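Participant: Input file: start02.cif. Contents: mmCIF, C-alpha atoms.
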```
data_start
#
loop_
_atom_site.label_atom_id
_atom_site.label_comp_id
_atom_site.auth_asym_id
_atom_site.auth_seq_id
_atom_site.Cartn_x
_atom_site.Cartn_y
_atom_site.Cartn_z
CA MET A 1 240.78 177.05 9.22
CA LYS A 2 241.77 180.47 8.03
CA LYS A 3 239.05 182.82 6.99
CA PRO A 4 239.58 183.83 3.33
CA ARG A 5 240.33 187.54 3.28
CA LYS A 6 239.94 189.73 0.28
CA ARG A 7 243.09 191.31 -1.05
CA PRO A 8 243.14 195.17 -1.18
CA GLY A 9 242.48 195.10 -4.94
CA HIS A 10 239.61 192.70 -4.47
CA ARG A 11 238.23 194.80 -1.63
CA ARG A 12 238.16 197.84 -3.91
CA THR A 13 236.44 195.88 -6.69
CA SER A 14 233.99 194.45 -4.19
CA CYS A 15 233.12 197.92 -2.89
CA LEU A 16 232.68 199.17 -6.45
CA ILE A 17 230.34 196.28 -7.31
CA CYS A 18 228.32 196.90 -4.15
CA LEU A 19 228.10 200.63 -4.90
CA LEU A 20 226.97 199.95 -8.47
CA LEU A 21 224.35 197.48 -7.27
CA LEU A 22 223.14 199.90 -4.60
CA ALA A 23 222.88 202.64 -7.23
CA GLY A 24 220.85 200.24 -9.41
CA ILE A 25 218.61 199.40 -6.45
CA CYS A 26 218.02 203.11 -5.82
CA VAL A 27 217.11 203.68 -9.49
CA LEU A 28 214.69 200.74 -9.46
CA LEU A 29 213.11 201.88 -6.18
CA PHE A 30 212.67 205.36 -7.61
CA THR A 31 211.09 203.90 -10.78
CA LEU A 32 208.73 201.78 -8.69
CA ALA A 33 207.78 204.78 -6.57
CA ILE A 34 207.00 206.81 -9.71
CA ILE A 35 204.92 203.95 -11.12
CA ARG A 36 202.99 203.59 -7.86
CA ILE A 37 202.36 207.34 -7.58
CA THR A 38 201.22 207.82 -11.18
CA SER A 39 199.16 204.65 -11.57
CA ASP A 40 195.49 204.64 -10.67
CA THR A 41 194.64 201.83 -8.27
CA THR A 42 191.58 203.27 -6.58
CA PRO A 43 188.28 201.84 -7.82
CA PRO A 44 185.23 204.06 -8.35
CA VAL A 45 182.77 204.54 -5.51
CA ILE A 46 179.17 203.60 -6.21
CA THR A 47 176.42 205.48 -4.40
CA PHE A 48 172.66 205.21 -4.36
CA PRO A 49 169.85 206.86 -2.35
CA SER A 50 168.88 205.15 0.89
CA ALA A 51 165.27 204.76 -0.25
CA LYS A 52 164.50 201.14 -1.02
CA ILE A 53 163.31 200.25 -4.46
CA THR A 54 161.30 197.31 -5.68
CA TYR A 55 162.59 194.81 -8.18
CA THR A 56 160.46 192.62 -10.37
CA PRO A 57 162.36 189.46 -11.41
CA ASP A 58 161.24 189.54 -15.02
CA GLU A 59 161.79 193.22 -15.67
CA ASP A 60 164.83 194.83 -17.25
CA VAL A 61 167.73 195.61 -14.92
CA SER A 62 167.85 199.20 -16.19
CA ALA A 63 165.26 200.03 -13.54
CA LEU A 64 167.82 199.08 -10.91
CA LEU A 65 170.37 201.45 -12.43
CA ALA A 66 168.08 204.47 -12.47
CA ASP A 67 169.32 206.29 -9.36
CA VAL A 68 172.80 204.81 -9.00
CA THR A 69 175.89 206.94 -9.54
CA ALA A 70 179.62 206.24 -9.53
CA THR A 71 182.51 208.61 -9.10
CA ASP A 72 186.22 208.02 -9.44
CA ASP A 73 188.99 210.04 -7.82
CA ARG A 74 190.77 210.53 -11.16
CA ASP A 75 188.13 210.08 -13.87
CA GLY A 76 185.30 211.87 -12.10
CA ASP A 77 181.80 210.71 -12.99
CA VAL A 78 181.83 207.11 -14.28
CA THR A 79 178.10 206.44 -13.89
CA GLU A 80 177.93 205.19 -17.48
CA SER A 81 180.14 202.25 -16.57
CA ILE A 82 177.80 200.92 -13.88
CA ARG A 83 176.44 197.44 -14.44
CA VAL A 84 174.48 194.95 -12.41
CA ARG A 85 176.84 192.09 -11.66
CA SER A 86 174.40 189.74 -9.97
CA ILE A 87 171.02 189.58 -8.29
CA SER A 88 170.57 187.14 -5.43
CA ILE A 89 167.00 186.62 -4.37
CA SER A 90 166.55 185.39 -0.80
CA ASP A 91 164.93 182.04 -0.09
CA GLU A 92 161.85 183.73 1.31
CA GLY A 93 161.61 185.75 -1.88
CA GLY A 94 160.85 189.07 -0.17
CA LYS A 95 164.19 190.72 -0.77
CA ALA A 96 167.18 190.51 -3.07
CA ILE A 97 170.76 191.66 -2.98
CA VAL A 98 171.79 193.51 -6.11
CA THR A 99 175.52 193.76 -6.74
CA TYR A 100 176.62 196.75 -8.78
CA VAL A 101 180.02 197.23 -10.39
CA ALA A 102 181.62 200.28 -11.99
CA LYS A 103 185.02 200.71 -13.57
CA ASP A 104 187.33 203.57 -14.36
CA GLN A 105 189.75 204.15 -17.26
CA ALA A 106 192.44 202.08 -15.53
CA ASN A 107 190.00 199.13 -15.27
CA ASN A 108 189.74 199.29 -11.49
CA VAL A 109 186.44 197.69 -10.62
CA GLY A 110 184.39 199.05 -7.72
CA LEU A 111 181.63 196.98 -6.15
CA GLU A 112 178.63 197.85 -4.03
CA LYS A 113 175.68 195.82 -2.80
CA ARG A 114 172.15 197.00 -2.27
CA VAL A 115 169.16 195.29 -0.69
CA VAL A 116 165.97 195.71 -2.70
CA LYS A 117 162.43 194.52 -2.19
CA VAL A 118 161.24 191.88 -4.57
CA LYS A 119 157.80 192.16 -5.98
CA ALA A 120 155.74 189.10 -5.01
CA ASP A 121 156.34 186.41 -7.60
CA LYS A 122 155.45 182.75 -7.57
CA LYS A 123 158.76 181.79 -9.12
CA THR A 124 161.36 179.78 -7.27
CA PRO A 125 164.32 181.65 -5.79
CA LYS A 126 167.26 182.11 -8.09
CA ASP A 127 170.89 181.86 -7.30
CA ALA A 128 173.30 184.63 -8.24
CA ASP A 129 175.07 182.44 -10.74
CA SER A 130 171.88 181.50 -12.49
CA LEU A 131 171.11 185.10 -13.31
CA GLU A 132 172.98 186.64 -16.11
CA ALA A 133 174.32 190.10 -15.44
CA GLU A 134 172.96 192.48 -18.03
CA GLY A 135 174.60 195.76 -18.90
CA MET B 1 243.11 162.75 -14.09
CA ASN B 2 246.47 163.55 -12.47
CA GLU B 3 247.04 164.95 -8.99
CA ARG B 4 247.45 168.53 -10.23
CA GLU B 5 244.10 168.67 -12.06
CA ARG B 6 242.02 167.26 -9.20
CA ILE B 7 239.80 169.86 -7.56
CA ALA B 8 238.71 169.16 -4.03
CA VAL B 9 235.83 171.38 -2.95
CA ASN B 10 236.21 172.09 0.71
CA ILE B 11 232.72 172.98 1.87
CA HIS B 12 233.99 175.02 4.83
CA GLU B 13 236.21 177.09 2.56
CA LEU B 14 233.34 177.61 0.14
CA ILE B 15 231.03 178.75 2.94
CA ALA B 16 233.73 181.10 4.20
CA MET B 17 234.10 182.52 0.69
CA LEU B 18 230.32 182.97 0.38
CA ARG B 19 230.35 184.79 3.72
CA ALA B 20 233.12 187.05 2.47
CA TYR B 21 230.98 187.94 -0.56
CA LEU B 22 227.75 188.29 1.44
CA PRO B 23 227.23 192.04 0.73
CA GLU B 24 227.49 191.40 -3.03
CA ILE B 25 225.10 188.42 -2.80
CA ILE B 26 222.51 190.45 -0.89
CA CYS B 27 222.79 193.48 -3.18
CA TRP B 28 222.54 191.38 -6.34
CA SER B 29 219.51 189.43 -5.01
CA VAL B 30 217.67 192.61 -4.03
CA PHE B 31 218.56 194.14 -7.42
CA CYS B 32 217.12 191.12 -9.27
CA CYS B 33 214.02 191.18 -7.09
CA LEU B 34 213.33 194.86 -7.85
CA LEU B 35 214.17 194.37 -11.52
CA LEU B 36 211.50 191.70 -11.94
CA VAL B 37 208.95 193.75 -9.96
CA CYS B 38 209.66 196.74 -12.26
CA TYR B 39 209.32 194.49 -15.32
CA LYS B 40 205.96 193.26 -14.06
CA GLU B 41 204.70 196.78 -13.30
CA VAL B 42 205.82 198.27 -16.62
CA TYR B 43 205.34 195.51 -19.19
CA LYS B 44 202.76 193.13 -17.76
CA LYS B 45 199.32 194.65 -18.14
CA PRO B 46 196.68 193.36 -15.71
CA THR B 47 194.62 190.60 -17.26
CA PHE B 48 191.03 189.83 -16.32
CA THR B 49 189.53 186.39 -16.73
CA ALA B 50 185.87 185.39 -16.97
CA GLU B 51 184.73 181.80 -16.97
CA THR B 52 181.46 180.23 -18.03
CA SER B 53 180.44 176.62 -18.57
CA PHE B 54 177.66 174.39 -19.82
CA TYR B 55 176.80 170.70 -19.83
CA VAL B 56 176.38 168.71 -23.02
CA TYR B 57 173.84 165.93 -22.69
CA SER B 58 172.49 163.76 -25.41
CA ARG B 59 169.12 162.61 -24.25
CA THR B 60 167.28 159.95 -26.17
CA ALA B 61 163.59 160.40 -26.70
CA ASP B 62 162.80 157.34 -24.58
CA SER B 63 164.68 158.34 -21.45
CA ASP B 64 162.96 160.28 -18.71
CA TYR B 65 163.60 163.95 -18.48
CA GLY B 66 165.32 163.75 -15.12
CA ARG B 67 167.53 160.72 -15.79
CA LEU B 68 170.30 159.72 -18.19
CA ASP B 69 170.87 156.09 -19.08
CA VAL B 70 174.27 154.50 -19.84
CA SER B 71 173.96 154.86 -23.60
CA ASP B 72 173.07 158.53 -23.14
CA LEU B 73 176.23 159.06 -21.10
CA ASP B 74 178.45 157.39 -23.71
CA VAL B 75 176.95 159.42 -26.52
CA SER B 76 177.19 162.56 -24.39
CA GLN B 77 180.89 161.97 -23.74
CA GLN B 78 181.52 161.55 -27.47
CA MET B 79 179.45 164.60 -28.24
CA ALA B 80 181.28 166.73 -25.67
CA LYS B 81 184.61 165.75 -27.24
CA GLU B 82 183.41 166.54 -30.75
CA SER B 83 181.95 169.84 -29.65
CA LEU B 84 185.40 171.14 -28.66
CA GLY B 85 186.46 171.10 -32.31
CA VAL B 86 183.25 172.73 -33.43
CA LEU B 87 183.56 175.51 -30.85
CA ARG B 88 187.05 176.50 -31.97
CA SER B 89 186.02 176.91 -35.61
CA GLU B 90 186.10 180.32 -37.25
CA GLN B 91 182.47 179.98 -38.20
CA VAL B 92 181.42 179.80 -34.56
CA ALA B 93 183.77 182.69 -33.73
CA GLU B 94 182.08 184.80 -36.39
CA GLU B 95 178.69 183.92 -34.92
CA VAL B 96 179.94 185.01 -31.50
CA LEU B 97 181.08 188.35 -32.90
CA VAL B 98 177.67 188.90 -34.47
CA ASN B 99 175.99 188.16 -31.14
CA LEU B 100 178.31 190.37 -29.09
CA GLU B 101 176.57 193.42 -27.73
CA GLY B 102 178.32 196.34 -26.13
CA ASP B 103 179.70 199.78 -26.70
CA ALA B 104 183.32 199.05 -25.77
CA ALA B 105 185.81 199.94 -28.49
CA ALA B 106 187.45 196.55 -28.07
CA LEU B 107 184.19 194.84 -29.03
CA GLN B 108 183.69 197.01 -32.11
CA THR B 109 187.11 196.27 -33.57
CA MET B 110 187.41 192.64 -32.54
CA THR B 111 188.19 190.07 -35.23
CA THR B 112 187.69 186.31 -35.17
CA PHE B 113 191.44 185.93 -34.71
CA ASP B 114 191.35 188.20 -31.63
CA LEU B 115 188.36 186.32 -30.28
CA LEU B 116 189.95 182.90 -30.68
CA ASN B 117 193.16 184.24 -29.13
CA MET B 118 191.48 185.62 -26.02
CA THR B 119 189.27 182.61 -25.39
CA SER B 120 189.86 178.97 -24.60
CA VAL B 121 187.47 176.02 -24.55
CA GLN B 122 188.23 173.11 -22.26
CA LYS B 123 186.66 169.89 -21.15
CA GLN B 124 187.85 167.84 -18.22
CA ASP B 125 188.20 164.10 -18.71
CA ASP B 126 185.09 162.09 -17.86
CA SER B 127 183.07 165.24 -17.52
CA LEU B 128 180.25 166.57 -19.66
CA GLU B 129 181.00 170.13 -18.63
CA ILE B 130 182.60 172.40 -21.22
CA THR B 131 184.29 175.49 -19.84
CA ILE B 132 184.82 178.66 -21.85
CA THR B 133 187.41 181.09 -20.50
CA ALA B 134 187.94 184.61 -21.82
CA SER B 135 190.98 186.70 -20.88
CA GLY B 136 191.71 190.32 -21.69
CA SER B 137 192.51 193.74 -20.35
CA ASP B 138 188.88 194.92 -19.99
CA PRO B 139 186.77 193.20 -17.30
CA TYR B 140 183.47 194.02 -19.03
CA VAL B 141 184.65 192.80 -22.42
CA VAL B 142 185.85 189.43 -21.12
CA CYS B 143 182.54 188.88 -19.34
CA ASP B 144 180.51 189.81 -22.45
CA VAL B 145 182.68 187.65 -24.69
CA ALA B 146 182.45 184.61 -22.39
CA ASN B 147 178.67 184.82 -22.13
CA ALA B 148 178.18 185.48 -25.85
CA TYR B 149 180.46 182.55 -26.64
CA ARG B 150 178.46 180.25 -24.36
CA GLU B 151 175.12 181.30 -25.83
CA THR B 152 176.39 180.85 -29.39
CA ALA B 153 177.99 177.53 -28.49
CA ILE B 154 174.78 176.17 -27.01
CA ARG B 155 172.81 177.24 -30.09
CA GLU B 156 175.37 175.90 -32.56
CA LEU B 157 175.75 172.57 -30.78
CA SER B 158 172.01 172.13 -30.54
CA GLU B 159 171.75 172.62 -34.30
CA ARG B 160 174.83 170.77 -35.51
CA LEU B 161 175.05 167.84 -33.11
CA MET B 162 171.35 167.60 -32.41
CA ALA B 163 172.14 167.68 -28.70
CA ARG B 164 168.88 168.06 -26.86
CA GLY B 165 170.05 168.52 -23.30
CA ILE B 166 172.57 171.34 -23.29
CA GLN B 167 172.31 173.33 -20.09
CA THR B 168 174.16 176.32 -18.71
CA ALA B 169 176.18 175.40 -15.64
CA LYS B 170 177.78 178.71 -14.80
CA VAL B 171 177.27 182.21 -16.11
CA ALA B 172 180.32 184.47 -16.42
CA VAL B 173 180.29 187.43 -14.05
CA ILE B 174 182.38 190.58 -14.28
CA PRO B 175 185.76 189.87 -12.65
CA LEU B 176 186.54 192.21 -9.75
CA GLY B 177 190.30 192.05 -9.99
CA PRO B 178 193.03 191.02 -12.39
CA SER B 179 194.04 187.41 -12.56
CA GLY B 180 197.57 186.11 -12.86
CA ARG B 181 200.71 186.52 -10.79
CA SER B 182 201.10 189.39 -8.34
CA SER B 183 204.11 191.70 -8.03
CA SER B 184 205.22 189.90 -4.87
CA PHE B 185 205.41 186.63 -6.81
CA TYR B 186 207.69 188.25 -9.38
CA GLY B 187 209.73 189.76 -6.53
CA ALA B 188 210.15 186.37 -4.86
CA ILE B 189 211.20 184.78 -8.17
CA GLY B 190 213.73 187.60 -8.72
CA LEU B 191 215.12 187.19 -5.21
CA PHE B 192 215.49 183.44 -5.71
CA LEU B 193 217.14 183.83 -9.13
CA GLY B 194 219.51 186.49 -7.79
CA LEU B 195 220.48 184.30 -4.85
CA CYS B 196 221.04 181.22 -7.04
CA SER B 197 223.03 183.09 -9.70
CA SER B 198 225.30 184.85 -7.19
CA VAL B 199 225.96 181.68 -5.17
CA GLY B 200 226.58 179.79 -8.42
CA LEU B 201 229.00 182.44 -9.67
CA ILE B 202 230.97 182.49 -6.41
CA THR B 203 231.15 178.68 -6.41
CA LEU B 204 232.47 178.85 -9.98
CA LEU B 205 235.07 181.44 -8.91
CA TYR B 206 236.13 179.16 -6.05
CA VAL B 207 236.50 176.18 -8.37
CA LEU B 208 238.46 178.20 -10.96
CA ARG B 209 240.81 179.60 -8.34
CA HIS B 210 241.57 176.15 -6.95
CA ALA B 211 241.91 174.59 -10.40
CA GLU B 212 244.90 176.83 -11.08
CA ARG B 213 246.83 175.56 -8.08
CA SER B 214 248.32 172.29 -7.03
CA PRO B 215 246.77 170.45 -4.05
CA GLU B 216 249.68 171.73 -1.93
CA ASP B 217 248.83 175.33 -2.81
CA VAL B 218 245.18 174.71 -2.05
CA GLY B 219 246.21 173.42 1.34
CA GLU B 220 248.13 176.63 2.01
CA ILE B 221 245.19 178.79 1.09
#
```
Any chance you could put this one into structure tokens?
Facilitator:
Amino acid sequence: MKKPRKRPGHRRTSCLICLLLLAGICVLLFTLAIIRITSDTTPPVITFPSAKITYTPDEDVSALLADVTATDDRDGDVTESIRVRSISISDEGGKAIVTYVAKDQANNVGLEKRVVKVKADKKTPKDADSLEAEG
Amino acid sequence: MNERERIAVNIHELIAMLRAYLPEIICWSVFCCLLLVCYKEVYKKPTFTAETSFYVYSRTADSDYGRLDVSDLDVSQQMAKESLGVLRSEQVAEEVLVNLEGDAAALQTMTTFDLLNMTSVQKQDDSLEITITASGSDPYVVCDVANAYRETAIRELSERLMARGIQTAKVAVIPLGPSGRSSSFYGAIGLFLGLCSSVGLITLLYVLRHAERSPEDVGEI
């Protein structure tokens, strides 16, 4: 079987098509690079003092937000956007894991967890999903 | 069909032709892949989704608190079906808007039309669980909307359908990342489409070339 060879005219057209496609690929790669460089994909970083705080299950979550701050590499201070996402109280009831979230202008969501002491309460332990996150 | 019009596709010849056009096929596939990735990055805004659900029980006064009898289950199924229609009404949507709390600009300017557009209410067959899903560009807004919708729905259904056993099954939490297809998915689809279209075009070229010639000419080629 003979291998089909391109005629000189076809070869020129083929090279031209390939060059055009390669030019298009370069343009698209450049566009993607620009998009990636300019877009904000880094979520804010949430920080809080190392001192442990005490949480009372029935009290407002604003007490948990008192000393928490969030900073973003582009938007700067985004502390106002911090919310408590969930509170998981351990089975023993002595401690709880509070999950904080903060977001920047580009809607990147940063997450941080903090272990807090739970004030002695006779109530049964609650699951994270059973607690509504309050802003 | 006479002898001259018959087109015999020789698979070896076709493969040889595809190999001859391999650089074009690869370039076109990569081009399509990047084109779809660019489309996704530029035009498709990231969408966040929050989901919440509740159970609709109809408990008769006689039944124990912890148990449902067969008649309760039948009535509950009917009630859950009817509640879907109630929950998609504009009246309920207006109630949700009144109950929405938050400082986000999207919440302040939201209309009932926007609310109904960004939310969906579903019930799986043979289940008493009704799921409310909210989608949008702001993760906080979708979470607030889903929870406000659930609270309003529970209140409205308790009043309208006299359902006495509606319970929250799942509270919506703030989504950590966008939902939906990733860029790599779009890239893979573009690559596949590029490959299929280029192979299809070359096959068509092969067929057209051979259709112009008699079987003897095809043999010579």
Participant: On this structure, the PyMOL selection byres ((chain A) within 6 of (chain B)) would catch which residues? List them as a count of residues only, sorted by chain and number.
Facilitator: 5
Participant: Applying 9 Å and all atoms listed in the file, which residues near A:Ser81 remain after dropping the ones on its own chain fewer than 4 positions away? List them as a PyMOL selection string.
Facilitator: chain A and resi 70+101-104+135
Participant: Using all atoms listed in the file for the distances, tell me which of A:Arg83, A:Arg74, A:Arg12, A:Lys52 is nearest to A:Arg114.
Facilitator: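 Between A:Arg83, A:Arg74, A:Arg12, A:Lys52, the residue approaching A:Arg114 most closely is A:Lys52.
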Participant: Around (181.9, 188.8, -32.1), as given in the file, which residues come within 10 Å? Count all atoms listed in the file and list them as a VMD selection string.
Facilitator: chain B and resid 92 to 101 107 to 112 114 to 115 144 to 145 148 to 149
Participant: Dump C-alpha atoms for the selected residues as an mmCIF file, keeping the file's coordinate frame?
Facilitator:
```cif
data_model
loop_
_atom_site.group_PDB
_atom_site.id
_atom_site.type_symbol
_atom_site.label_atom_id
_atom_site.label_comp_id
_atom_site.auth_asym_id
_atom_site.auth_seq_id
_atom_site.Cartn_x
_atom_site.Cartn_y
_atom_site.Cartn_z
ATOM 1 C CA VAL B 92 181.420 179.800 -34.560
ATOM 2 C CA ALA B 93 183.770 182.690 -33.730
ATOM 3 C CA GLU B 94 182.080 184.800 -36.390
ATOM 4 C CA GLU B 95 178.690 183.920 -34.920
ATOM 5 C CA VAL B 96 179.940 185.010 -31.500
ATOM 6 C CA LEU B 97 181.080 188.350 -32.900
ATOM 7 C CA VAL B 98 177.670 188.900 -34.470
ATOM 8 C CA ASN B 99 175.990 188.160 -31.140
ATOM 9 C CA LEU B 100 178.310 190.370 -29.090
ATOM 10 C CA GLU B 101 176.570 193.420 -27.730
ATOM 11 C CA LEU B 107 184.190 194.840 -29.030
ATOM 12 C CA GLN B 108 183.690 197.010 -32.110
ATOM 13 C CA THR B 109 187.110 196.270 -33.570
ATOM 14 C CA MET B 110 187.410 192.640 -32.540
ATOM 15 C CA THR B 111 188.190 190.070 -35.230
ATOM 16 C CA THR B 112 187.690 186.310 -35.170
ATOM 17 C CA ASP B 114 191.350 188.200 -31.630
ATOM 18 C CA LEU B 115 188.360 186.320 -30.280
ATOM 19 C CA ASP B 144 180.510 189.810 -22.450
ATOM 20 C CA VAL B 145 182.680 187.650 -24.690
ATOM 21 C CA ALA B 148 178.180 185.480 -25.850
ATOM 22 C CA TYR B 149 180.460 182.550 -26.640
#
```
Participant: Within 9 Å of (166.3, 187.3, -5.3) in the file's own coordinates, which protein, DNA or RNA residues have an atom, counting all atoms listed in the file? List them as a list in words.
Facilitator: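 Checking each residue against the 9 Å limit leaves Tyr55, Pro57, Ile87, Ser88, Ile89, Ser90, Asp91, Glu92, Gly93, Gly94, Lys95, Ala96, Ile97, Val98, Val116, Lys117, Val118, Pro125, Lys126, Asp127 and Ala128 of chain A.
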Participant: Would you kindly return, as a ChimeraX atom specification, each protein, DNA or RNA residue with an atom no farther than 8 Å from any atom of A:Leu64, considering all atoms listed in the file and excluding same-chain residues fewer than 4 positions away?
Facilitator: /A:53,55,68,84
Participant: Any idea what the distance is between atom CA of B:Asp72 and atom CA of B:Leu161?
Facilitator: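 Separating atom CA of B:Asp72 from atom CA of B:Leu161 is a distance of 13.8 Å.
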Participant: Could you rebuild stretch 61-73 of chain A with N, CA and C atoms and give me the result as a PDB file, in the frame of the given file?
Facilitator:
```pdb
ATOM      1  N   VAL A  61     166.922 195.116 -16.048  1.00  0.00           N
ATOM      2  CA  VAL A  61     167.730 195.610 -14.920  1.00  0.00           C
ATOM      3  C   VAL A  61     167.987 197.118 -14.977  1.00  0.00           C
ATOM      4  N   SER A  62     167.616 197.748 -16.085  1.00  0.00           N
ATOM      5  CA  SER A  62     167.850 199.200 -16.190  1.00  0.00           C
ATOM      6  C   SER A  62     167.100 199.956 -15.103  1.00  0.00           C
ATOM      7  N   ALA A  63     166.004 199.382 -14.620  1.00  0.00           N
ATOM      8  CA  ALA A  63     165.260 200.030 -13.540  1.00  0.00           C
ATOM      9  C   ALA A  63     166.103 200.086 -12.265  1.00  0.00           C
ATOM     10  N   LEU A  64     166.967 199.106 -12.101  1.00  0.00           N
ATOM     11  CA  LEU A  64     167.820 199.080 -10.910  1.00  0.00           C
ATOM     12  C   LEU A  64     168.964 200.083 -10.999  1.00  0.00           C
ATOM     13  N   LEU A  65     169.239 200.529 -12.224  1.00  0.00           N
ATOM     14  CA  LEU A  65     170.370 201.450 -12.430  1.00  0.00           C
ATOM     15  C   LEU A  65     169.935 202.917 -12.397  1.00  0.00           C
ATOM     16  N   ALA A  66     168.623 203.127 -12.292  1.00  0.00           N
ATOM     17  CA  ALA A  66     168.080 204.470 -12.470  1.00  0.00           C
ATOM     18  C   ALA A  66     168.724 205.532 -11.572  1.00  0.00           C
ATOM     19  N   ASP A  67     168.852 205.247 -10.282  1.00  0.00           N
ATOM     20  CA  ASP A  67     169.320 206.290  -9.360  1.00  0.00           C
ATOM     21  C   ASP A  67     170.728 206.004  -8.815  1.00  0.00           C
ATOM     22  N   VAL A  68     171.460 205.169  -9.486  1.00  0.00           N
ATOM     23  CA  VAL A  68     172.800 204.810  -9.000  1.00  0.00           C
ATOM     24  C   VAL A  68     173.857 205.648  -9.717  1.00  0.00           C
ATOM     25  N   THR A  69     174.804 206.141  -8.943  1.00  0.00           N
ATOM     26  CA  THR A  69     175.890 206.940  -9.540  1.00  0.00           C
ATOM     27  C   THR A  69     177.250 206.386  -9.092  1.00  0.00           C
ATOM     28  N   ALA A  70     178.263 206.677  -9.884  1.00  0.00           N
ATOM     29  CA  ALA A  70     179.620 206.240  -9.530  1.00  0.00           C
ATOM     30  C   ALA A  70     180.601 207.358  -9.836  1.00  0.00           C
ATOM     31  N   THR A  71     181.487 207.579  -8.892  1.00  0.00           N
ATOM     32  CA  THR A  71     182.510 208.610  -9.100  1.00  0.00           C
ATOM     33  C   THR A  71     183.893 208.015  -8.816  1.00  0.00           C
ATOM     34  N   ASP A  72     184.842 208.485  -9.599  1.00  0.00           N
ATOM     35  CA  ASP A  72     186.220 208.020  -9.440  1.00  0.00           C
ATOM     36  C   ASP A  72     187.108 209.197  -9.073  1.00  0.00           C
ATOM     37  N   ASP A  73     188.133 208.935  -8.272  1.00  0.00           N
ATOM     38  CA  ASP A  73     188.990 210.040  -7.820  1.00  0.00           C
ATOM     39  C   ASP A  73     189.771 210.682  -8.957  1.00  0.00           C
TER      40      ASP A  73
END
```
